[in-house]
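With compact mmCIF, C-alpha atoms inside, this is protein_33.txt:
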# COMPACT_ATOMS: atom_id res chain seq x y z
CA MET A 1 107.94 114.49 77.99
CA GLU A 2 106.16 117.83 78.30
CA GLU A 3 102.43 117.59 78.98
CA THR A 4 100.38 118.93 76.07
CA LEU A 5 96.88 118.74 77.56
CA TRP A 6 96.17 121.95 79.47
CA VAL A 7 93.98 120.19 82.05
CA GLU A 8 97.02 118.13 83.06
CA LYS A 9 99.69 120.75 82.50
CA TYR A 10 97.90 123.26 84.74
CA ARG A 11 96.28 120.81 87.18
CA PRO A 12 96.51 122.30 90.72
CA LYS A 13 99.24 120.73 92.83
CA THR A 14 97.98 121.83 96.26
CA ILE A 15 94.63 122.07 98.01
CA ASP A 16 94.98 125.84 98.16
CA GLU A 17 95.20 126.01 94.36
CA CYS A 18 92.02 123.94 93.82
CA ILE A 19 88.80 125.70 92.84
CA LEU A 20 86.58 124.61 95.75
CA PRO A 21 83.78 125.99 97.93
CA ASP A 22 85.11 127.30 101.26
CA SER A 23 83.62 124.38 103.20
CA LEU A 24 85.51 121.80 101.13
CA SER A 25 88.69 123.84 101.08
CA VAL A 26 88.64 124.00 104.89
CA THR A 27 87.91 120.26 105.16
CA PHE A 28 90.87 119.23 103.02
CA SER A 29 93.22 121.85 104.46
CA LYS A 30 92.52 120.47 107.94
CA ILE A 31 93.34 116.96 106.74
CA VAL A 32 96.76 118.20 105.61
CA GLU A 33 97.38 120.28 108.75
CA ASN A 34 96.33 117.58 111.21
CA ILE A 35 97.86 114.55 109.53
CA GLN A 36 100.21 113.90 112.44
CA LYS A 37 97.33 113.87 114.93
CA LYS A 38 94.71 112.21 112.73
CA PRO A 39 95.87 109.68 110.09
CA LEU A 40 94.42 109.80 106.59
CA GLY A 41 91.23 107.78 106.23
CA ASN A 42 89.49 106.08 103.32
CA MET A 43 87.32 108.54 101.39
CA LEU A 44 84.64 108.60 98.72
CA PHE A 45 84.43 111.82 96.68
CA ALA A 46 81.08 112.25 94.91
CA GLY A 47 80.02 115.02 92.54
CA THR A 48 79.44 115.99 88.94
CA ALA A 49 82.12 115.85 86.26
CA GLY A 50 84.99 118.33 86.27
CA VAL A 51 84.53 119.77 89.78
CA GLY A 52 87.96 118.70 91.03
CA LYS A 53 87.51 115.31 92.74
CA THR A 54 90.53 113.62 91.17
CA THR A 55 92.58 116.82 91.40
CA VAL A 56 91.94 117.02 95.16
CA ALA A 57 92.86 113.34 95.62
CA LYS A 58 96.17 113.87 93.82
CA ALA A 59 96.86 117.14 95.64
CA LEU A 60 96.34 115.47 99.03
CA CYS A 61 98.85 112.76 98.15
CA ARG A 62 101.39 115.30 96.93
CA GLU A 63 101.04 117.60 99.94
CA LEU A 64 101.31 114.68 102.34
CA ASP A 65 104.24 113.24 100.35
CA LEU A 66 102.57 109.83 99.99
CA ASP A 67 103.10 107.10 97.41
CA TRP A 68 99.97 106.76 95.29
CA ILE A 69 98.59 105.00 92.25
CA LEU A 70 95.65 105.99 90.04
CA ILE A 71 93.27 103.36 88.69
CA ASN A 72 90.65 104.46 86.16
CA GLY A 73 87.52 102.44 86.92
CA SER A 74 86.06 103.02 83.46
CA GLU A 75 89.07 101.27 81.89
CA GLU A 76 90.22 98.82 84.57
CA ASN A 77 87.08 97.66 86.31
CA GLY A 78 87.33 93.89 86.78
CA ILE A 79 88.36 91.71 89.69
CA ASP A 80 91.78 91.07 88.10
CA VAL A 81 92.87 94.67 88.66
CA LEU A 82 92.34 94.12 92.39
CA ARG A 83 94.12 90.78 92.53
CA ASN A 84 97.10 91.98 90.55
CA LYS A 85 97.78 95.71 90.22
CA ILE A 86 96.14 96.99 93.42
CA LYS A 87 97.17 94.09 95.68
CA GLN A 88 100.82 94.36 94.61
CA PHE A 89 100.85 98.10 95.31
CA ALA A 90 98.86 97.99 98.55
CA SER A 91 100.87 95.15 100.10
CA SER A 92 104.30 96.74 99.57
CA ILE A 93 105.94 99.16 101.99
CA SER A 94 106.17 102.83 101.05
CA MET A 95 109.68 104.15 100.47
CA GLN A 96 108.43 107.55 101.67
CA GLY A 97 107.16 106.23 104.96
CA GLY A 98 103.51 106.46 105.93
CA VAL A 99 100.61 104.87 104.10
CA ARG A 100 100.23 104.29 100.38
CA VAL A 101 97.12 105.54 98.58
CA VAL A 102 95.07 103.92 95.83
CA ILE A 103 92.95 106.49 93.94
CA LEU A 104 90.07 104.67 92.26
CA ASP A 105 88.82 107.18 89.71
CA GLU A 106 85.31 106.79 88.24
CA ALA A 107 84.73 104.04 90.78
CA GLU A 108 81.07 103.63 89.81
CA TYR A 109 82.27 101.77 86.72
CA LEU A 110 83.88 99.01 88.80
CA THR A 111 81.92 95.80 88.46
CA VAL A 112 79.79 94.71 91.40
CA ALA A 113 82.14 91.77 91.93
CA CYS A 114 85.11 94.14 92.03
CA GLN A 115 83.36 96.50 94.46
CA THR A 116 82.38 93.56 96.67
CA ALA A 117 85.96 92.28 96.79
CA LEU A 118 87.23 95.80 97.47
CA ARG A 119 85.54 95.69 100.89
CA GLY A 120 87.99 93.01 101.99
CA PHE A 121 90.98 94.81 100.47
CA ILE A 122 90.23 97.98 102.42
CA GLU A 123 90.29 96.01 105.65
CA GLU A 124 93.14 93.64 104.76
CA PHE A 125 95.56 96.45 103.91
CA SER A 126 94.33 99.00 106.47
CA ALA A 127 97.71 99.15 108.20
CA ASN A 128 99.54 100.08 105.03
CA CYS A 129 97.14 101.54 102.47
CA ARG A 130 94.25 103.96 102.08
CA PHE A 131 91.67 104.16 99.30
CA ILE A 132 90.19 107.30 97.76
CA LEU A 133 87.24 106.61 95.46
CA THR A 134 85.85 109.24 93.12
CA CYS A 135 82.51 109.00 91.34
CA ASN A 136 79.90 111.07 89.55
CA PHE A 137 77.05 108.86 90.76
CA LYS A 138 77.45 107.61 94.31
CA ASN A 139 74.31 105.47 94.04
CA ARG A 140 76.36 103.18 91.78
CA ILE A 141 78.74 102.46 94.66
CA ILE A 142 77.60 99.58 96.90
CA GLU A 143 76.58 100.52 100.44
CA PRO A 144 79.35 98.52 102.21
CA LEU A 145 81.91 100.81 100.53
CA HIS A 146 79.99 103.89 101.67
CA SER A 147 80.25 102.66 105.25
CA ARG A 148 84.00 102.06 104.95
CA CYS A 149 84.72 105.55 103.64
CA SER A 150 84.12 109.14 104.64
CA VAL A 151 81.70 110.33 101.95
CA ILE A 152 82.49 113.87 100.83
CA GLU A 153 80.04 115.59 98.48
CA PHE A 154 81.49 118.03 95.94
CA ASN A 155 78.35 120.14 95.83
CA THR A 156 78.30 123.71 94.53
CA SER A 157 75.50 126.01 95.64
CA LYS A 158 74.38 128.96 93.52
CA LYS A 159 75.97 131.24 96.09
CA ASP A 160 79.30 129.41 95.84
CA LEU A 161 79.14 129.20 92.05
CA ALA A 162 79.46 132.95 91.48
CA THR A 163 82.56 133.15 93.69
CA LEU A 164 84.13 130.06 92.18
CA ALA A 165 83.41 131.21 88.62
CA ALA A 166 85.19 134.51 89.31
CA LYS A 167 88.16 132.67 90.79
CA PHE A 168 88.30 130.28 87.86
CA HIS A 169 88.08 133.19 85.42
CA GLY A 170 91.36 134.46 86.83
CA ARG A 171 92.90 130.98 86.59
CA LEU A 172 91.78 130.61 82.98
CA LYS A 173 93.23 133.99 81.97
CA ASP A 174 96.54 132.97 83.53
CA ILE A 175 96.57 129.73 81.51
CA LEU A 176 95.81 131.52 78.26
CA THR A 177 98.46 134.14 78.94
CA LYS A 178 101.08 131.46 79.57
CA GLU A 179 100.06 129.73 76.34
CA SER A 180 100.20 133.07 74.44
CA ILE A 181 96.52 132.82 73.49
CA LYS A 182 94.53 135.99 72.78
CA TYR A 183 91.06 136.27 74.29
CA ASP A 184 88.37 138.70 75.38
CA ASN A 185 86.89 138.58 78.86
CA LYS A 186 83.28 138.46 77.67
CA THR A 187 83.82 135.27 75.70
CA LEU A 188 85.59 133.62 78.63
CA ALA A 189 82.83 134.67 81.02
CA GLU A 190 80.12 133.26 78.76
CA LEU A 191 82.03 130.01 78.34
CA ILE A 192 82.39 129.64 82.10
CA ILE A 193 78.70 130.38 82.65
CA ARG A 194 77.78 127.73 80.10
CA TYR A 195 79.75 124.87 81.65
CA ALA A 196 80.36 125.80 85.31
CA PRO A 197 81.12 124.05 87.60
CA ASP A 198 82.74 121.68 85.08
CA TRP A 199 86.07 123.51 85.11
CA ARG A 200 87.77 120.74 83.15
CA ARG A 201 85.29 121.14 80.31
CA VAL A 202 85.94 124.89 80.11
CA ILE A 203 89.70 124.36 79.82
CA ASN A 204 89.26 121.62 77.22
CA GLU A 205 86.95 123.82 75.14
CA CYS A 206 89.45 126.67 75.25
CA GLN A 207 92.28 124.44 74.09
CA ARG A 208 90.11 122.96 71.36
CA PHE A 209 89.24 126.36 69.89
CA ALA A 210 92.61 128.06 70.40
CA VAL A 211 94.23 126.49 67.34
CA ASP A 212 95.01 129.84 65.72
CA GLY A 213 96.45 131.51 68.80
CA GLU A 214 93.22 133.09 70.02
CA ILE A 215 89.83 132.23 71.50
CA PRO A 216 87.31 133.35 68.84
CA SER A 217 84.08 134.96 69.95
CA SER A 218 82.30 132.40 67.75
CA ILE A 219 83.18 129.72 70.30
CA LEU A 220 79.67 130.32 71.62
CA THR A 221 76.97 130.52 69.01
CA GLY A 222 74.33 131.33 71.58
CA THR A 223 73.47 131.07 75.24
CA HIS A 224 73.15 127.72 76.98
CA ASP A 225 69.36 128.17 77.00
CA ASP A 226 69.43 128.63 73.21
CA PHE A 227 71.43 125.40 73.07
CA ILE A 228 68.58 123.52 74.77
CA LYS A 229 65.76 125.42 73.07
CA GLU A 230 67.05 124.19 69.72
CA VAL A 231 66.59 120.52 70.57
CA VAL A 232 63.25 121.14 72.34
CA GLY A 233 62.08 122.71 69.08
CA TYR A 234 62.86 119.45 67.28
CA LEU A 235 60.94 117.53 69.94
CA LYS A 236 57.91 119.77 69.46
CA GLU A 237 57.98 119.28 65.69
CA LYS A 238 58.70 115.54 66.06
CA ASP A 239 61.68 116.09 63.79
CA PHE A 240 63.66 112.94 64.58
CA LYS A 241 66.28 113.47 61.88
CA SER A 242 67.21 116.96 63.11
CA MET A 243 67.14 115.82 66.75
CA ARG A 244 69.53 112.97 66.01
CA ALA A 245 71.85 115.28 64.10
CA TRP A 246 71.77 117.73 67.05
CA VAL A 247 72.84 114.96 69.44
CA ALA A 248 75.67 113.93 67.10
CA ASN A 249 76.86 117.54 66.79
CA ASN A 250 76.81 117.91 70.58
CA SER A 251 78.26 114.51 71.39
CA SER A 252 80.95 116.14 73.52
CA SER A 253 78.31 117.56 75.85
CA ASP A 254 77.79 115.76 79.15
CA PRO A 255 74.43 113.91 78.93
CA THR A 256 73.68 114.86 82.54
CA VAL A 257 73.87 118.54 81.55
CA ILE A 258 71.46 118.01 78.64
CA PHE A 259 69.01 116.06 80.81
CA ARG A 260 69.22 118.60 83.64
CA LYS A 261 68.60 121.61 81.40
CA ILE A 262 65.54 119.96 79.84
CA TYR A 263 64.32 118.95 83.31
CA ASP A 264 64.76 122.51 84.62
CA GLY A 265 62.86 123.89 81.63
CA LEU A 266 59.89 121.52 81.67
CA SER A 267 57.52 124.09 83.17
CA GLU A 268 58.43 126.45 80.32
CA TYR A 269 58.41 123.97 77.45
CA ALA A 270 55.93 121.18 78.34
CA ASN A 271 52.19 121.15 79.01
CA PRO A 272 51.56 120.70 82.76
CA ASN A 273 49.80 117.34 82.36
CA SER A 274 52.87 115.94 80.56
CA ILE A 275 55.50 117.02 83.08
CA PRO A 276 55.24 113.91 85.35
CA ALA A 277 55.78 111.61 82.35
CA ALA A 278 58.73 113.72 81.19
CA VAL A 279 60.32 113.56 84.64
CA MET A 280 60.03 109.76 84.69
CA ILE A 281 61.57 109.46 81.22
CA ILE A 282 64.49 111.76 82.05
CA GLY A 283 65.10 109.95 85.35
CA GLU A 284 65.11 106.53 83.70
CA TRP A 285 67.54 107.48 80.95
CA SER A 286 69.80 109.45 83.29
CA HIS A 287 70.29 106.19 85.17
CA LYS A 288 70.80 104.07 82.05
CA THR A 289 73.28 106.50 80.51
CA VAL A 290 75.74 106.04 83.39
CA MET A 291 76.80 102.57 82.28
CA ALA A 292 76.42 103.05 78.52
CA PRO A 293 79.76 102.83 76.64
CA ASP A 294 78.37 105.08 73.86
CA LYS A 295 76.55 108.01 75.49
CA GLU A 296 75.05 109.26 72.21
CA ILE A 297 72.67 106.31 71.86
CA PRO A 298 70.86 106.63 75.24
CA VAL A 299 70.57 110.41 74.76
CA VAL A 300 68.82 109.82 71.43
CA CYS A 301 66.62 107.18 73.09
CA CYS A 302 65.64 109.58 75.87
CA LEU A 303 64.84 112.42 73.48
CA THR A 304 62.85 110.04 71.26
CA GLU A 305 60.69 109.04 74.23
CA LEU A 306 60.20 112.69 75.16
CA MET A 307 59.29 113.45 71.56
CA THR A 308 56.61 110.74 71.39
CA ASN A 309 55.20 110.84 74.92
CA VAL A 310 55.21 114.51 75.96
CA GLU A 311 52.89 117.29 74.87
CA TRP A 312 54.97 120.40 74.25
CA LYS A 313 53.73 123.98 74.40
CA LYS A 314 53.33 125.64 71.03

Before anything else, please render the file you have as structure tokens.
Amino acid sequence: MEETLWVEKYRPKTIDECILPDSLSVTFSKIVENIQKKPLGNMLFAGTAGVGKTTVAKALCRELDLDWILINGSEENGIDVLRNKIKQFASSISMQGGVRVVILDEAEYLTVACQTALRGFIEEFSANCRFILTCNFKNRIIEPLHSRCSVIEFNTSKKDLATLAAKFHGRLKDILTKESIKYDNKTLAELIIRYAPDWRRVINECQRFAVDGEIPSSILTGTHDDFIKEVVGYLKEKDFKSMRAWVANNSSSDPTVIFRKIYDGLSEYANPNSIPAAVMIIGEWSHKTVMAPDKEIPVVCCLTELMTNVEWKK
């Protein structure tokens, strides 16, 4: 069946196609080039959403022609998935030759019991299987797993971001052209600036708005700063109803992006004596949001605390 989601249909198949900083691109290219001299190891990919962690894991397996299986830790996170699905796969011999690979996506959602048991699995099946874990929050992965994996950070510096955004702009135009979608470069550029480096989010937003065969300029009603200024205005006025409606209307936004933008703007929006309290509130709810099944509720809770405990500039 033909893939209908653009993020899957146009997912890069090789490391060279992935949108990565040069340092990461070199690292993964060397793994592919030197596989005969240096066998694939267990790895932990850590970084924010949409930067290409899972895509790189899949691309490595494809380029190395390895059998692999993907387990989504947010959906299959209990000890039974280890005892059944993973054990059966890891203990069998690859028809391709070489090792098999288990990609544990969103591994921070695995229960502590599952992560603890995984330590033994990594060692028990070391002759036949490798594990690639991906996560947005590496602090949610227990330390014994860190020590059993090469930890690779998918960080994007401001210097890298400009280059990567330009490269992704070309990729996005190619996707839209293949899908026969009309667009203007300014709208695409603004969309990329808003969500970079979450490339997946940009593609999803384009597909969501391209229902009539074009990307309308109204896809962005304002800059990303305007997006945050709106909710800060509700916090200043202690307008809980409007704040809650804003969160509901922006429920597709990554909570970490909302928290980060407010954090970055504290010196502009909050009175100096309130900034330490605001930082503590944002930090606490950023942590709690990770494990929350419904992200909207902790975002509202965080903004409510900011509303009641922070003095905002008039």

Selection: 7 Å around A:Gly47, only C-alpha atoms, excl. self and same-chain fewer than 6 positions, as an mmCIF file with C-alpha atoms, keeping the file's coordinate frame:
data_model
loop_
_atom_site.group_PDB
_atom_site.id
_atom_site.type_symbol
_atom_site.label_atom_id
_atom_site.label_comp_id
_atom_site.auth_asym_id
_atom_site.auth_seq_id
_atom_site.Cartn_x
_atom_site.Cartn_y
_atom_site.Cartn_z
ATOM 1 C CA CYS A 135 82.510 109.000 91.340
ATOM 2 C CA ASN A 136 79.900 111.070 89.550
ATOM 3 C CA GLU A 153 80.040 115.590 98.480
ATOM 4 C CA PHE A 154 81.490 118.030 95.940
ATOM 5 C CA ASN A 155 78.350 120.140 95.830
#

Taking 3 positions as the minimum chain separation for residues in the same chain, which residues sit within 9 Å of A:Val32 when counting only C-alpha atoms? Answer as a list in words.
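Neighbouring residues, sequence-local ones excluded: Ile15, Phe28, Ser29, Ile35, Gln36, Leu40, Leu60, Glu63 and Leu64 of chain A.
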
Shell of 9 Å around stretch 84-99 of chain A, all atoms listed in the file, local chain residues under 5 positions omitted, as a PyMOL selection string:
chain A and resi 40+65-69+71+79+121+125-130

Given all atoms listed in the file as the counted atoms, nearest of A:Ala49, A:Ile215, A:Cys301, A:Ile142 to A:Ser253
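With all atoms listed in the file as the atom set, the closest residue is A:Ala49.
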
Leaving out A:Asn309 and any residue of its chain fewer than 5 positions from it, which residues lie within 10 Å of it when counting all atoms listed in the file, given as a VMD selection string?
chain A and resid 274 277 to 278 281 303 to 304

Give me, please, the distance in Å between atom CA of A:Ile275 and atom CA of A:Phe259, quoted to one decimal.
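Between atom CA of A:Ile275 and atom CA of A:Phe259 the gap is 13.7 Å.
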
Which is closest to A:Asn42 among A:Asp16, A:Glu205, A:Glu108, A:Glu123, if we use all atoms listed in the file?
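When distances to A:Asn42 are compared using all atoms listed in the file, the smallest one comes from A:Glu123.
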
From the list A:Ile192, A:Tyr10, A:Leu5, A:Pro216, which residue is nearest A:Asp174 when using all atoms listed in the file?
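Going through A:Ile192, A:Tyr10, A:Leu5, A:Pro216 one by one, the smallest distance to A:Asp174 is for A:Tyr10.
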
Shell around A:Arg140 at 10 Å using all atoms listed in the file, local window under 6 positions removed, as a list in words
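The residues satisfying every condition are Ala107, Glu108, Tyr109, Leu110, Thr111, Val112, His287, Val290 and Met291 of chain A.
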
Option closest in space to A:Ser147, from A:Val231, A:Tyr263, A:Gly78, A:Leu44 [counting all atoms listed in the file]:
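Going through A:Val231, A:Tyr263, A:Gly78, A:Leu44 one by one, the smallest distance to A:Ser147 is for A:Leu44.
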
Select, from A:Pro255, A:Gly213, A:Gly265, A:Pro197, the residue with the minimum atom-to-atom distance to A:Lys229, counting all atoms listed in the file.
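Among A:Pro255, A:Gly213, A:Gly265, A:Pro197, it is A:Gly265 that comes nearest to A:Lys229.
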
Provide the atom CA of A:Ser25 to atom CA of A:Glu106 distance in Å, to one decimal place.
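The value is 21.6 Å.
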
As an exercise, work out the distance from atom CA of A:Trp246 to atom CA of A:Ala165 in Å and give it to one decimal place.
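These two atoms are separated by 28.0 Å.
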
From the set A:Asn273, A:Gln207, A:Ser286, A:Asn249, which residue has the shortest atom-to-atom contact distance to A:Lys9, counting all atoms listed in the file?
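Ranked by minimum distance to A:Lys9, first place goes to A:Gln207.
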
What residues have an atom no more than 12 Å from (76.7, 118.8, 77.1) in the file's own frame, counting all atoms listed in the file, and can you write them as number ranges by chain?
A: 49, 194-196, 198, 201-202, 205, 224-225, 227-228, 246-262, 295-296, 299

Radius query 9 Å about (88.5, 103.5, 98.4), atoms used: all atoms listed in the file, as a list of chain:residue names:
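Here is the list of nearby residues: A:Asn42, A:Met43, A:Leu44, A:Val101, A:Val102, A:Ile103, A:Leu104, A:Ala107, A:Leu118, A:Arg119, A:Ile122, A:Arg130, A:Phe131, A:Ile132, A:Leu133, A:Thr134, A:Leu145, A:Arg148, A:Cys149.
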
Draw an axis-aligned box over all listed atoms of stretch 296-314 of chain A, pad each side with 4 Å, and write its centre and edge lengths in Å, one decimal, as AutoDock Vina command-line options.
--center_x 64.0 --center_y 116.0 --center_z 73.5 --size_x 30.2 --size_y 27.3 --size_z 12.9
